[in-house]
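Take a look at the structure set out below.
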Amino acid sequence: MAALEKGITQNGTGYNGTTWNILGQVYFPKAVTDSTFAFETNSDPGQFVPVHIHPTQEEFILVQEGILDLKLDGQWVRAHAGDLVRLPRGIPHGYFNKSDKPARALFWVSPTQKLEALFRQLHNMSDIEAIVRVSAEHEVNFLPPEAND
C-alpha cells in the first residue's frame, strides 16, 4: 500500500472515485494506508451491519448525520451526530439505523489489515453465507444472528 497522499477526498465521493455497495449501503473510502483506513457509510432507515468482531483492529465511528443504535459488547447504546464511538479490538459490535431518517458516519480502523480488500470483494455481493465466509477470511468475524437482538 502506498504512503498517505496529501489532498482532499471531497464530500459525497470516495478516494480515487471509489464507491462500494455493501448490502445496499453506500460506502466511500476516504483514505487508505497500511496504518489506517477511513471510510464513510450512508445508512437508510432499517439498514444495519450485524454484530461482528475485528480481532486485529481498533475502530472508531464519528456519526456525522442522524442517529445510530449500536450493540456494543452486548449492550445497546445510541450515538447522535457529533458523537464518537470507540471500539477496541476484540469487542463485539454492530450498528443499526433504527430511526426514520438516513444516517451518515465516518469510520476508521487501525491498522488497515485486510478491511479495504474485504470491502472491494463484498461490493455488490448478495449471498449472506458467502459474505460471512469472505469476511472471516479477512479478519471480520460475524456472531450468530441472535447477537443482534
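Starting from 1 in every chain, residues are counted up; chains themselves are A, B, ... following the order of the C-alpha cells, and ligands are numbered from 1 as listed.
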
(message) At a cut-off of 12 Å, using only C-alpha atoms, what residues contact Val51 in chain A? Leave out same-chain residues fewer than 6 positions from it and give the result as a VMD selection string.
(response) chain A and resid 69 to 76 90 to 96 132 140 to 149

The selected residues should be written to file as a PDB file, in the first residue's frame (atoms: C-alpha atoms).
```
ATOM      1  CA  ASP A  69     -28.023   2.426  17.584  1.00  0.00           C
ATOM      2  CA  LEU A  70     -25.087   0.189  18.415  1.00  0.00           C
ATOM      3  CA  LYS A  71     -24.859  -3.182  20.065  1.00  0.00           C
ATOM      4  CA  LEU A  72     -21.555  -2.702  21.872  1.00  0.00           C
ATOM      5  CA  ASP A  73     -20.189  -5.644  23.849  1.00  0.00           C
ATOM      6  CA  GLY A  74     -23.721  -6.951  24.450  1.00  0.00           C
ATOM      7  CA  GLN A  75     -25.238  -3.591  25.451  1.00  0.00           C
ATOM      8  CA  TRP A  76     -27.388  -1.228  23.380  1.00  0.00           C
ATOM      9  CA  GLY A  90     -11.932  -7.891  20.010  1.00  0.00           C
ATOM     10  CA  ILE A  91     -15.135  -6.166  21.238  1.00  0.00           C
ATOM     11  CA  PRO A  92     -18.368  -7.428  19.590  1.00  0.00           C
ATOM     12  CA  HIS A  93     -20.250  -4.587  17.915  1.00  0.00           C
ATOM     13  CA  GLY A  94     -22.818  -3.851  15.243  1.00  0.00           C
ATOM     14  CA  TYR A  95     -24.578  -0.698  14.107  1.00  0.00           C
ATOM     15  CA  PHE A  96     -28.210  -0.188  13.176  1.00  0.00           C
ATOM     16  CA  VAL A 132     -19.881 -14.200   6.275  1.00  0.00           C
ATOM     17  CA  VAL A 140     -14.021  -9.802  10.426  1.00  0.00           C
ATOM     18  CA  ASN A 141     -15.977 -12.416  12.372  1.00  0.00           C
ATOM     19  CA  PHE A 142     -19.780 -12.207  12.449  1.00  0.00           C
ATOM     20  CA  LEU A 143     -21.596 -13.520  15.510  1.00  0.00           C
ATOM     21  CA  PRO A 144     -24.777 -15.634  15.265  1.00  0.00           C
ATOM     22  CA  PRO A 145     -27.954 -13.688  14.371  1.00  0.00           C
ATOM     23  CA  GLU A 146     -29.246 -13.762  17.975  1.00  0.00           C
ATOM     24  CA  ALA A 147     -26.354 -11.444  18.928  1.00  0.00           C
ATOM     25  CA  ASN A 148     -28.285  -8.665  17.136  1.00  0.00           C
ATOM     26  CA  ASP A 149     -31.282  -8.901  19.494  1.00  0.00           C
TER      27      ASP A 149
END
```

(request) Please identify which residues in range 15-140 of chain A DSSP calls alpha helix (DSSP H) from the backbone, and express them as a ChimeraX atom specification. (result) /A:115-122,128-137

With C-alpha atoms retained, export the selected residues as a compact mmCIF listing (two decimals), in the first residue's frame.
```
# COMPACT_ATOMS: atom_id res chain seq x y z
CA LEU A 115 -10.51 -4.47 5.61
CA GLU A 116 -10.13 -2.49 2.38
CA ALA A 117 -9.61 -5.75 0.47
CA LEU A 118 -12.74 -7.14 2.13
CA PHE A 119 -14.85 -4.17 1.06
CA ARG A 120 -13.58 -4.47 -2.51
CA GLN A 121 -14.63 -8.13 -2.50
CA LEU A 122 -18.03 -7.52 -0.83
CA ILE A 128 -25.17 -13.74 3.08
CA GLU A 129 -23.39 -17.06 3.67
CA ALA A 130 -20.67 -16.06 1.22
CA ILE A 131 -20.38 -12.62 2.83
CA VAL A 132 -19.88 -14.20 6.27
CA ARG A 133 -17.27 -16.63 4.91
CA VAL A 134 -15.34 -13.99 2.95
CA SER A 135 -15.46 -11.64 5.95
CA ALA A 136 -13.91 -14.30 8.22
CA GLU A 137 -11.14 -14.77 5.66
```

(request) Using only C-alpha atoms, find the one residue out of A:Met125, A:Pro88, A:Phe60, A:Phe37 that sits nearest to Trp20 in chain A. (result) A:Met125

(request) Could you jot down the CA of Val32 in chain A to CA of Glu58 in chain A separation for me, Å, one decimal place? (result) 15.0 Å

(request) Compile the contact shell of Pro111 in chain A as a ChimeraX atom specification: residues with an atom at most 8 Å away, counting only C-alpha atoms, same-chain residues fewer than 3 positions apart removed. (result) /A:34-37,56-58

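Distances from A:Ile8, A:Ala2, A:Ile22, A:Ile61 to Arg78 in chain A were compared using only C-alpha atoms, and the smallest one belongs to A:Ile61.
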
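Distance-wise, CA of Asn97 in chain A and CA of Pro45 in chain A end up 5.3 Å apart.
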
(message) I'd like the interatomic distance between CA of Glu5 in chain A and CA of Val49 in chain A, to a tenth of an Å.
(response) 29.5 Å

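Residues lying within 7 Å of Gly46 in chain A, counting only C-alpha atoms and ignoring same-chain neighbours fewer than 2 positions away, are Asp44, Phe48, Asn97 and Lys98 of chain A.
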